[in-house]
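Participant: Data: data-v8.pdb, PDB, C-alpha atoms.
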ATOM      1  CA  MET A   1       9.348 -20.812   3.375
ATOM      2  CA  THR A   2       8.526 -17.910   5.703
ATOM      3  CA  THR A   3      11.407 -15.424   6.043
ATOM      4  CA  THR A   4      11.883 -12.333   8.217
ATOM      5  CA  TYR A   5      14.155  -9.502   7.047
ATOM      6  CA  ASN A   6      15.609  -6.855   9.348
ATOM      7  CA  CYS A   7      14.992  -3.811   7.175
ATOM      8  CA  THR A   8      16.985  -1.527   9.466
ATOM      9  CA  SER A   9      19.983  -3.150   7.719
ATOM     10  CA  ASP A  10      20.538  -1.859   4.169
ATOM     11  CA  ASP A  11      21.495  -5.296   2.825
ATOM     12  CA  GLN A  12      18.525  -7.083   4.363
ATOM     13  CA  ARG A  13      16.204  -4.253   3.364
ATOM     14  CA  ALA A  14      17.074  -4.607  -0.330
ATOM     15  CA  GLU A  15      16.819  -8.398  -0.167
ATOM     16  CA  GLY A  16      13.556  -8.231   1.766
ATOM     17  CA  LEU A  17      11.939  -5.803  -0.683
ATOM     18  CA  GLN A  18      12.905  -8.049  -3.601
ATOM     19  CA  HIS A  19      11.496 -11.129  -1.867
ATOM     20  CA  ALA A  20       8.321  -9.262  -0.897
ATOM     21  CA  GLN A  21       7.811  -8.041  -4.470
ATOM     22  CA  ARG A  22       8.235 -11.605  -5.730
ATOM     23  CA  ALA A  23       5.829 -12.970  -3.114
ATOM     24  CA  ILE A  24       3.164 -10.418  -4.078
ATOM     25  CA  SER A  25       3.541 -11.373  -7.761
ATOM     26  CA  GLU A  26       3.065 -15.018  -6.725
ATOM     27  CA  LYS A  27      -0.222 -14.121  -4.941
ATOM     28  CA  LYS A  28       1.200 -14.690  -1.473
ATOM     29  CA  CYS A  29       0.880 -12.526   1.644
ATOM     30  CA  ILE A  30       3.579 -10.375   3.222
ATOM     31  CA  VAL A  31       3.793  -8.248   6.383
ATOM     32  CA  LEU A  32       5.122  -4.683   6.243
ATOM     33  CA  PRO A  33       5.306  -1.647   8.525
ATOM     34  CA  THR A  34       3.114   1.392   7.972
ATOM     35  CA  ASP A  35       3.006   4.707   9.816
ATOM     36  CA  THR A  36       0.242   3.415  12.105
ATOM     37  CA  VAL A  37       0.659  -0.344  12.718
ATOM     38  CA  TYR A  38       2.032  -3.340  10.816
ATOM     39  CA  GLY A  39      -0.107  -4.608   7.975
ATOM     40  CA  ILE A  40      -0.631  -7.892   6.153
ATOM     41  CA  ALA A  41      -0.640  -7.206   2.419
ATOM     42  CA  ALA A  42      -1.580  -8.971  -0.806
ATOM     43  CA  ASP A  43      -2.107  -8.139  -4.477
ATOM     44  CA  ALA A  44      -5.289  -6.015  -4.559
ATOM     45  CA  PHE A  45      -6.091  -7.253  -8.075
ATOM     46  CA  SER A  46      -5.902 -10.975  -7.251
ATOM     47  CA  PRO A  47      -9.073 -12.473  -5.733
ATOM     48  CA  LEU A  48      -7.011 -15.507  -4.643
ATOM     49  CA  ALA A  49      -4.461 -13.319  -2.829
ATOM     50  CA  VAL A  50      -7.199 -11.289  -1.105
ATOM     51  CA  THR A  51      -8.938 -14.517  -0.039
ATOM     52  CA  MET A  52      -5.654 -15.726   1.474
ATOM     53  CA  LEU A  53      -5.258 -12.410   3.326
ATOM     54  CA  LEU A  54      -8.752 -12.651   4.811
ATOM     55  CA  ALA A  55      -8.193 -16.301   5.756
ATOM     56  CA  SER A  56      -4.897 -15.448   7.486
ATOM     57  CA  LYS A  57      -6.716 -12.895   9.655
ATOM     58  CA  GLY A  58      -9.761 -15.093  10.243
ATOM     59  CA  ARG A  59     -12.053 -12.647   8.456
ATOM     60  CA  SER A  60     -15.015 -13.059   6.126
ATOM     61  CA  ARG A  61     -15.803 -11.254   2.876
ATOM     62  CA  GLN A  62     -18.078  -8.962   4.898
ATOM     63  CA  MET A  63     -14.946  -7.172   6.195
ATOM     64  CA  PRO A  64     -13.021  -6.226   3.032
ATOM     65  CA  PRO A  65      -9.498  -4.814   3.385
ATOM     66  CA  PRO A  66      -8.500  -1.258   2.488
ATOM     67  CA  VAL A  67      -6.060  -0.587  -0.343
ATOM     68  CA  LEU A  68      -2.764   1.233   0.133
ATOM     69  CA  ILE A  69      -1.458   3.301  -2.771
ATOM     70  CA  PRO A  70       2.030   4.680  -3.512
ATOM     71  CA  ARG A  71       1.110   8.174  -4.659
ATOM     72  CA  ILE A  72      -1.793  10.578  -4.514
ATOM     73  CA  ASN A  73      -2.424  10.536  -8.258
ATOM     74  CA  ALA A  74      -3.382   6.851  -7.999
ATOM     75  CA  LEU A  75      -6.636   8.064  -6.439
ATOM     76  CA  ASP A  76      -8.406   8.666  -9.738
ATOM     77  CA  GLY A  77      -7.341   5.323 -11.183
ATOM     78  CA  LEU A  78      -9.046   3.388  -8.374
ATOM     79  CA  ALA A  79     -11.962   5.622  -7.345
ATOM     80  CA  SER A  80     -14.721   7.372  -9.273
ATOM     81  CA  ASP A  81     -16.804  10.452  -8.520
ATOM     82  CA  VAL A  82     -14.065  11.907  -6.295
ATOM     83  CA  THR A  83     -15.463  15.172  -4.980
ATOM     84  CA  ALA A  84     -13.475  18.340  -4.384
ATOM     85  CA  ASP A  85     -13.811  17.854  -0.618
ATOM     86  CA  ALA A  86     -12.513  14.259  -0.786
ATOM     87  CA  ARG A  87      -9.591  15.411  -2.888
ATOM     88  CA  ALA A  88      -8.870  18.201  -0.400
ATOM     89  CA  LEU A  89      -8.708  15.697   2.477
ATOM     90  CA  ALA A  90      -6.340  13.470   0.501
ATOM     91  CA  GLN A  91      -4.106  16.413  -0.346
ATOM     92  CA  ALA A  92      -4.048  17.569   3.269
ATOM     93  CA  PHE A  93      -3.460  14.232   5.018
ATOM     94  CA  TRP A  94      -1.715  11.939   2.511
ATOM     95  CA  PRO A  95       0.706  10.474   3.099
ATOM     96  CA  GLY A  96      -0.649   9.890   6.577
ATOM     97  CA  GLY A  97      -3.212   8.274   8.851
ATOM     98  CA  LEU A  98      -6.406   8.937   6.869
ATOM     99  CA  THR A  99      -8.423   6.300   5.004
ATOM    100  CA  LEU A 100     -11.112   7.495   2.584
ATOM    101  CA  ILE A 101     -14.069   5.331   1.573
ATOM    102  CA  LEU A 102     -14.905   6.210  -2.036
ATOM    103  CA  HIS A 103     -16.862   4.788  -4.957
ATOM    104  CA  ALA A 104     -14.674   2.220  -6.717
ATOM    105  CA  GLN A 105     -13.928   2.513 -10.413
ATOM    106  CA  PRO A 106     -16.524   0.124 -11.897
ATOM    107  CA  SER A 107     -14.168  -0.984 -14.683
ATOM    108  CA  LEU A 108     -11.538  -2.432 -12.315
ATOM    109  CA  ASP A 109     -11.125  -6.212 -12.350
ATOM    110  CA  TRP A 110     -10.780  -6.932  -8.639
ATOM    111  CA  ASP A 111     -12.679  -8.543  -5.783
ATOM    112  CA  LEU A 112     -11.900  -7.249  -2.296
ATOM    113  CA  GLY A 113     -15.010  -8.774  -0.714
ATOM    114  CA  ASP A 114     -18.480  -7.377  -0.115
ATOM    115  CA  THR A 115     -17.613  -3.713  -0.640
ATOM    116  CA  LYS A 116     -20.999  -2.604  -2.052
ATOM    117  CA  GLY A 117     -19.187  -0.773  -4.827
ATOM    118  CA  THR A 118     -16.788   1.154  -2.574
ATOM    119  CA  VAL A 119     -13.058   1.063  -1.911
ATOM    120  CA  ALA A 120     -11.162   2.333   1.145
ATOM    121  CA  LEU A 121      -7.921   4.047   0.080
ATOM    122  CA  ARG A 122      -4.909   5.306   2.018
ATOM    123  CA  MET A 123      -1.392   6.523   1.255
ATOM    124  CA  PRO A 124       0.787   5.712   4.301
ATOM    125  CA  ASP A 125       3.525   7.957   5.602
ATOM    126  CA  ASP A 126       6.187   5.254   5.873
ATOM    127  CA  GLU A 127       9.335   5.126   3.752
ATOM    128  CA  LEU A 128       9.610   1.335   3.631
ATOM    129  CA  ALA A 129       5.924   0.859   2.818
ATOM    130  CA  LEU A 130       6.066   3.464   0.057
ATOM    131  CA  GLU A 131       9.166   1.883  -1.444
ATOM    132  CA  LEU A 132       7.431  -1.497  -1.614
ATOM    133  CA  LEU A 133       4.250   0.049  -3.038
ATOM    134  CA  GLY A 134       6.371   1.689  -5.711
ATOM    135  CA  LEU A 135       7.531  -1.794  -6.730
ATOM    136  CA  THR A 136       4.191  -3.597  -6.496
ATOM    137  CA  GLY A 137       1.481  -1.004  -7.091
ATOM    138  CA  PRO A 138      -1.679  -0.898  -4.922
ATOM    139  CA  LEU A 139      -1.896  -3.508  -2.173
ATOM    140  CA  ALA A 140      -4.837  -4.796  -0.182
ATOM    141  CA  VAL A 141      -3.658  -4.284   3.416
ATOM    142  CA  SER A 142      -5.212  -4.946   6.794
ATOM    143  CA  SER A 143      -3.666  -4.810  10.263
ATOM    144  CA  ALA A 144      -1.239  -7.700  10.816
ATOM    145  CA  ASN A 145      -3.102  -9.650  13.479
ATOM    146  CA  ARG A 146      -5.753 -12.280  13.860
ATOM    147  CA  THR A 147      -9.194 -10.697  14.093
ATOM    148  CA  GLY A 148      -9.996  -9.875  17.706
ATOM    149  CA  GLN A 149      -6.337  -9.730  18.773
ATOM    150  CA  GLU A 150      -4.113  -6.696  19.360
ATOM    151  CA  ALA A 151      -2.679  -5.039  16.258
ATOM    152  CA  ALA A 152       1.010  -5.863  15.782
ATOM    153  CA  GLN A 153       3.532  -3.051  16.297
ATOM    154  CA  THR A 154       6.512  -5.092  15.059
ATOM    155  CA  ALA A 155       6.934  -7.830  12.467
ATOM    156  CA  SER A 156       7.877 -10.276  15.225
ATOM    157  CA  GLU A 157       4.549  -9.598  16.981
ATOM    158  CA  ALA A 158       2.743 -10.170  13.682
ATOM    159  CA  ARG A 159       4.572 -13.472  13.134
ATOM    160  CA  LEU A 160       3.392 -14.777  16.514
ATOM    161  CA  GLN A 161      -0.199 -14.407  15.267
ATOM    162  CA  LEU A 162       0.046 -15.070  11.525
ATOM    163  CA  ALA A 163       2.877 -17.620  11.454
ATOM    164  CA  ASP A 164       3.435 -19.439   8.146
ATOM    165  CA  SER A 165       0.377 -17.943   6.429
ATOM    166  CA  VAL A 166       2.737 -15.091   5.452
ATOM    167  CA  GLU A 167       5.669 -15.555   3.062
ATOM    168  CA  VAL A 168       7.743 -12.484   3.990
ATOM    169  CA  TYR A 169       7.957 -10.381   7.172
ATOM    170  CA  LEU A 170       9.608  -6.971   6.766
ATOM    171  CA  GLU A 171      10.827  -5.849  10.190
ATOM    172  CA  GLY A 172      11.263  -2.095  10.452
ATOM    173  CA  GLY A 173      11.063  -1.543  14.200
ATOM    174  CA  PHE A 174       8.152  -0.322  16.326
ATOM    175  CA  ARG A 175       5.197   1.455  14.718
ATOM    176  CA  PRO A 176       4.298   4.141  15.364
ATOM    177  CA  VAL A 177       6.850   4.663  18.171
ATOM    178  CA  GLN A 178       8.161   2.274  20.816
ATOM    179  CA  GLY A 179       6.324   2.738  24.093
ATOM    180  CA  THR A 180       3.180   4.156  22.487
ATOM    181  CA  ALA A 181      -0.098   2.395  21.831
ATOM    182  CA  ALA A 182      -1.112   1.324  18.343
ATOM    183  CA  VAL A 183      -3.290   3.961  16.662
ATOM    184  CA  PRO A 184      -5.238   3.012  13.520
ATOM    185  CA  SER A 185      -5.955   5.360  10.666
ATOM    186  CA  THR A 186      -9.053   7.537  10.817
ATOM    187  CA  ILE A 187     -11.667   6.298   8.332
ATOM    188  CA  VAL A 188     -13.954   8.807   6.604
ATOM    189  CA  ASP A 189     -16.899   7.766   4.456
ATOM    190  CA  ALA A 190     -16.615  10.153   1.520
ATOM    191  CA  THR A 191     -19.555   8.568  -0.304
ATOM    192  CA  SER A 192     -22.053  10.125   2.110
ATOM    193  CA  SER A 193     -23.225  13.723   2.297
ATOM    194  CA  PRO A 194     -21.968  15.167   4.528
ATOM    195  CA  PHE A 195     -18.849  13.049   4.989
ATOM    196  CA  ARG A 196     -18.888  10.963   8.164
ATOM    197  CA  VAL A 197     -16.065   9.606  10.330
ATOM    198  CA  VAL A 198     -16.745   5.878  10.733
ATOM    199  CA  ARG A 199     -13.632   5.139  12.800
ATOM    200  CA  GLN A 200     -11.689   7.668  14.839
ATOM    201  CA  GLY A 201      -7.922   7.267  14.741
ATOM    202  CA  ALA A 202      -4.733   9.149  13.923
ATOM    203  CA  ILE A 203      -6.406  12.239  12.376
ATOM    204  CA  SER A 204      -8.739  14.073  14.748
ATOM    205  CA  LEU A 205     -12.169  15.371  13.808
ATOM    206  CA  GLU A 206     -10.943  18.899  14.532
ATOM    207  CA  ARG A 207      -8.132  18.566  11.989
ATOM    208  CA  LEU A 208     -10.515  17.127   9.390
ATOM    209  CA  ARG A 209     -12.856  20.088   9.886
ATOM    210  CA  GLU A 210     -10.028  22.525   9.226
ATOM    211  CA  VAL A 211     -10.184  21.234   5.651
ATOM    212  CA  VAL A 212     -13.844  20.203   5.294
ATOM    213  CA  PRO A 213     -15.945  21.932   8.020
ATOM    214  CA  SER A 214     -19.032  19.797   7.425
ATOM    215  CA  VAL A 215     -17.451  16.424   8.346
ATOM    216  CA  VAL A 216     -19.632  14.578  10.887
ATOM    217  CA  GLY A 217     -18.167  12.706  13.856
ATOM    218  CA  VAL A 218     -18.717   9.019  14.556
ATOM    219  CA  ASP A 219     -21.796   9.383  16.784
ATOM    220  CA  GLU A 220     -22.671  12.956  15.908
ATOM    221  CA  PRO A 221     -26.011  14.055  14.440
ATOM    222  CA  VAL A 222     -25.671  15.715  11.046
ATOM    223  CA  SER A 223     -27.319  18.926  12.217
ATOM    224  CA  GLU A 224     -24.876  19.328  15.120
ATOM    225  CA  ALA A 225     -21.802  19.093  12.895
ATOM    226  CA  ALA A 226     -23.306  21.372  10.295
ATOM    227  CA  THR A 227     -23.805  24.193  12.764
ATOM    228  CA  THR A 228     -20.109  24.575  13.624
ATOM    229  CA  PRO A 229     -18.358  25.396  10.360
ATOM    230  CA  GLU A 230     -14.816  26.644  10.309
ATOM    231  CA  ALA A 231     -12.904  28.364   7.549
ATOM    232  CA  PRO A 232     -11.060  25.751   5.482
ATOM    233  CA  ILE A 233      -7.296  25.945   5.295
ATOM    234  CA  GLU A 234      -5.488  26.323   2.020
ATOM    235  CA  VAL A 235      -4.525  22.829   0.834
ATOM    236  CA  THR A 236      -1.506  21.981  -1.282
ATOM    237  CA  GLU A 237      -0.790  18.587  -2.807
ATOM    238  CA  ALA A 238       1.254  16.156  -0.740
ATOM    239  CA  PRO A 239       4.615  15.080  -2.175
ATOM    240  CA  ALA A 240       4.324  12.203  -4.668
ATOM    241  CA  VAL A 241       6.435   9.846  -2.558
ATOM    242  CA  GLU A 242       3.826   7.443  -1.406
ATOM    243  CA  ASP A 243       1.891   5.468  -0.320
ATOM    244  CA  PRO A 244       1.427   2.155   0.518
ATOM    245  CA  ALA A 245      -5.768   1.116   3.185
ATOM    246  CA  PRO A 246      -7.289   0.716   2.451
ATOM    247  CA  ALA A 247      -7.240  -0.790   3.983
ATOM    248  CA  VAL A 248      -6.265  -1.020   6.335
ATOM    249  CA  SER A 249      -6.024  -2.286   8.190
ATOM    250  CA  ALA A 250      -6.102  -0.404   8.289
ATOM    251  CA  SER A 251      -9.728  -1.251   8.307
ATOM    252  CA  GLU A 252     -12.162  -0.854   6.792
ATOM    253  CA  PRO A 253     -22.609   2.234  -4.401
ATOM    254  CA  ASP A 254     -24.236   3.325  -2.557
ATOM    255  CA  ALA A 255     -24.416   2.214   0.959
ATOM    256  CA  PRO A 256     -20.966   2.368   2.517
ATOM    257  CA  ARG A 257     -19.270  -0.790   3.755
ATOM    258  CA  GLU A 258     -19.604  -1.825   7.372
ATOM    259  CA  VAL A 259     -16.512  -0.922   9.397
ATOM    260  CA  LYS A 260     -15.591  -2.967  12.449
ATOM    261  CA  PRO A 261     -12.670  -2.562  14.861
ATOM    262  CA  GLU A 262      -9.743  -4.994  14.736
TER     263      GLU A 262
END
How does the structure come out when it is put into structure tokens?
Facilitator:
Amino acid sequence: MTTTYNCTSDDQRAEGLQHAQRAISEKKCIVLPTDTVYGIAADAFSPLAVTMLLASKGRSRQMPPPVLIPRINALDGLASDVTADARALAQAFWPGGLTLILHAQPSLDWDLGDTKGTVALRMPDDELALELLGLTGPLAVSSANRTGQEAAQTASEARLQLADSVEVYLEGGFRPVQGTAAVPSTIVDATSSPFRVVRQGAISLERLREVVPSVVGVDEPVSEAATTPEAPIEVTEAPAVEDPAPAVSASEPDAPREVKPE
């Protein structure tokens, strides 16, 4: 039975997290808040759970979900060939609104869809999401809405679209802030050289270039970006308090996956 928990109440928060953890272990879908929008989540290592997530959104395997992680050191367990620049971006903007497309660890037993050997990873800056990720481990997460509809900014908005396809709704209030528009994470393809922004969102190109000057904008020629380098800032590791994607919905080895707007 579908249940909504008001996680602004301590009692309901604890009960909701327990129910959500149980639902994930049973290969069911849940809805949770992130720092950008609400996401629909499932066990990243269960092909059945990921299939249910995609079906709930009305998506095909050609639009695989990102994976949310609870801490920055999970990066190396899920991705391979992580360059120094990719690591610097993660350290600078995780937890936060940056999704990195990386080469997936080839030994992992998972099936997120037609990823072409990549995985989109993010560590969200949301206390409730990070607490759940700490209980469940990495989750496949996409924005909590039917494809083509507006991204949900509350669990109640998500329930209007996803209904009984979700076992647990964790209501944590508006995301990011009541009265503001939903802003997705910025997605950077870190498998290309130079890195390219494939979706602009919460982290601006200017901020990215403070860390990696060669990053190319969405519609920007490589030569144009390469001619405006800036001195990189000193980067220190983000606190290990994370995370919960990539996908997202956050959305979306060699050619990078196709990324489409919600």
Participant: One number please: atom CA of Pro124 of chain A to atom CA of Gly97 of chain A, in Å, one decimal.
Facilitator: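 Distance between the two atoms: 6.6 Å.
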Participant: What gap, in Å, lies between atom CA of Thr136 of chain A and atom CA of Ala20 of chain A?
Facilitator: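 Those two atoms sit 9.0 Å apart.
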Participant: Go ahead and compute the interatomic distance for atom CA of Thr34 of chain A and atom CA of Asp126 of chain A, in Å to one decimal.
Facilitator: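 Atom-to-atom, atom CA of Thr34 of chain A to atom CA of Asp126 of chain A, that is 5.4 Å.
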Participant: Of the residues A:Pro176, A:Gly58, A:Gly117, A:Pro65, which is the one nearest to Ala79 of chain A, using all atoms listed in the file?
Facilitator: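 Of A:Pro176, A:Gly58, A:Gly117, A:Pro65, the one nearest Ala79 of chain A is A:Gly117, counting all atoms listed in the file.
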Participant: Just say which residues the PyMOL selection byres ((chain A and resi 56) around 8) picks in this file, as a list in words.
Facilitator: Met52, Leu53, Leu54, Ala55, Lys57, Gly58, Arg59, Arg146, Leu162, Ser165 and Val166 of chain A
Participant: Dump C-alpha atoms for the selected residues as a compact mmCIF listing (two decimals), in the frame of the given file?
Facilitator:
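Saved as part_14.txt:
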# COMPACT_ATOMS: atom_id res chain seq x y z
CA MET A 52 -5.65 -15.73 1.47
CA LEU A 53 -5.26 -12.41 3.33
CA LEU A 54 -8.75 -12.65 4.81
CA ALA A 55 -8.19 -16.30 5.76
CA LYS A 57 -6.72 -12.90 9.65
CA GLY A 58 -9.76 -15.09 10.24
CA ARG A 59 -12.05 -12.65 8.46
CA ARG A 146 -5.75 -12.28 13.86
CA LEU A 162 0.05 -15.07 11.52
CA SER A 165 0.38 -17.94 6.43
CA VAL A 166 2.74 -15.09 5.45
Participant: Care to translate the PyMOL selection byres ((chain A and resi 38) around 6) into actual residues of this file, as a PyMOL selection string?
Facilitator: chain A and resi 32-34+37+39+143-144+152-153
Participant: Given the file shown, enumerate the residues that the PyMOL selection byres ((chain A and resi 64) around 6) captures and present them as a PyMOL selection string.
Facilitator: chain A and resi 61+63+65+112-113
Participant: Which polymer residues, protein or nucleic acid, are no farther than 10 Å from (3.5, -19.3, 7.0), counting all atoms listed in the file, as a ChimeraX atom specification?
Facilitator: /A:1-3,28-30,56,159,162-169
Participant: Got a sec: who's within 7 Å of segment 179-195 of chain A, counting only C-alpha atoms, leaving out chain neighbours fewer than 6 positions off, as a CSV table (one decimal) with C-alpha atoms, in the coordinates of the input?
Facilitator:
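Below you can see around_22.csv, which holds the result:
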chain,number,residue,atom,x,y,z
A,36,THR,CA,0.2,3.4,12.1
A,37,VAL,CA,0.7,-0.3,12.7
A,86,ALA,CA,-12.5,14.3,-0.8
A,97,GLY,CA,-3.2,8.3,8.9
A,98,LEU,CA,-6.4,8.9,6.9
A,99,THR,CA,-8.4,6.3,5.0
A,100,LEU,CA,-11.1,7.5,2.6
A,101,ILE,CA,-14.1,5.3,1.6
A,102,LEU,CA,-14.9,6.2,-2.0
A,103,HIS,CA,-16.9,4.8,-5.0
A,151,ALA,CA,-2.7,-5.0,16.3
A,153,GLN,CA,3.5,-3.1,16.3
A,201,GLY,CA,-7.9,7.3,14.7
A,202,ALA,CA,-4.7,9.1,13.9
A,203,ILE,CA,-6.4,12.2,12.4
A,214,SER,CA,-19.0,19.8,7.4
A,215,VAL,CA,-17.5,16.4,8.3
A,216,VAL,CA,-19.6,14.6,10.9
A,250,ALA,CA,-6.1,-0.4,8.3
A,256,PRO,CA,-21.0,2.4,2.5
Participant: Using all atoms listed in the file, pick whichever of A:Asp81, A:Glu171, A:Asp219, A:Asp11 has the shortest atom-to-atom distance to Gln200 of chain A.
Facilitator: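 Going through A:Asp81, A:Glu171, A:Asp219, A:Asp11 one by one, the smallest distance to Gln200 of chain A is for A:Asp219.
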Participant: Env of Val218 of chain A: 7 Å cut, atoms = only C-alpha atoms, seq-sep filter 6 positions within chain, self excluded. Answer as a list in words.
Facilitator: Arg196, Val197, Val198 and Arg199 of chain A
Participant: Would you save the residues of that selection, restricted to C-alpha atoms, as an mmCIF file, in the frame of the given file?
Facilitator:
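Final output, saved to out15.cif:
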data_model
loop_
_atom_site.group_PDB
_atom_site.id
_atom_site.type_symbol
_atom_site.label_atom_id
_atom_site.label_comp_id
_atom_site.auth_asym_id
_atom_site.auth_seq_id
_atom_site.Cartn_x
_atom_site.Cartn_y
_atom_site.Cartn_z
ATOM 1 C CA ARG A 196 -18.888 10.963 8.164
ATOM 2 C CA VAL A 197 -16.065 9.606 10.330
ATOM 3 C CA VAL A 198 -16.745 5.878 10.733
ATOM 4 C CA ARG A 199 -13.632 5.139 12.800
#
Participant: Given only C-alpha atoms as the basis, pick out the residue of A:Ala92, A:Leu108, A:Ile24, A:Ala158 nearest to Arg207 of chain A.
Facilitator: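 For Arg207 of chain A, the nearest of the candidates is A:Ala92.
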Participant: Measuring atom to atom with all atoms listed in the file, identify which of A:Gln91, A:Ser60, A:Asn6, A:Thr147 is nearest to Thr115 of chain A.
Facilitator: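 When distances to Thr115 of chain A are compared using all atoms listed in the file, the smallest one comes from A:Ser60.
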Participant: Between A:Ala84, A:Ile72, A:Ala120, A:Leu160, which one has atoms that come closest to Val212 of chain A, using only C-alpha atoms?
Facilitator: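 Closest candidate: A:Ala84.
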Participant: Calculated over all atoms listed in the file, which of the candidates A:Ala14, A:Ala44, A:Leu78, A:Leu135 has the smallest distance to Lys27 of chain A?
Facilitator: A:Ala44
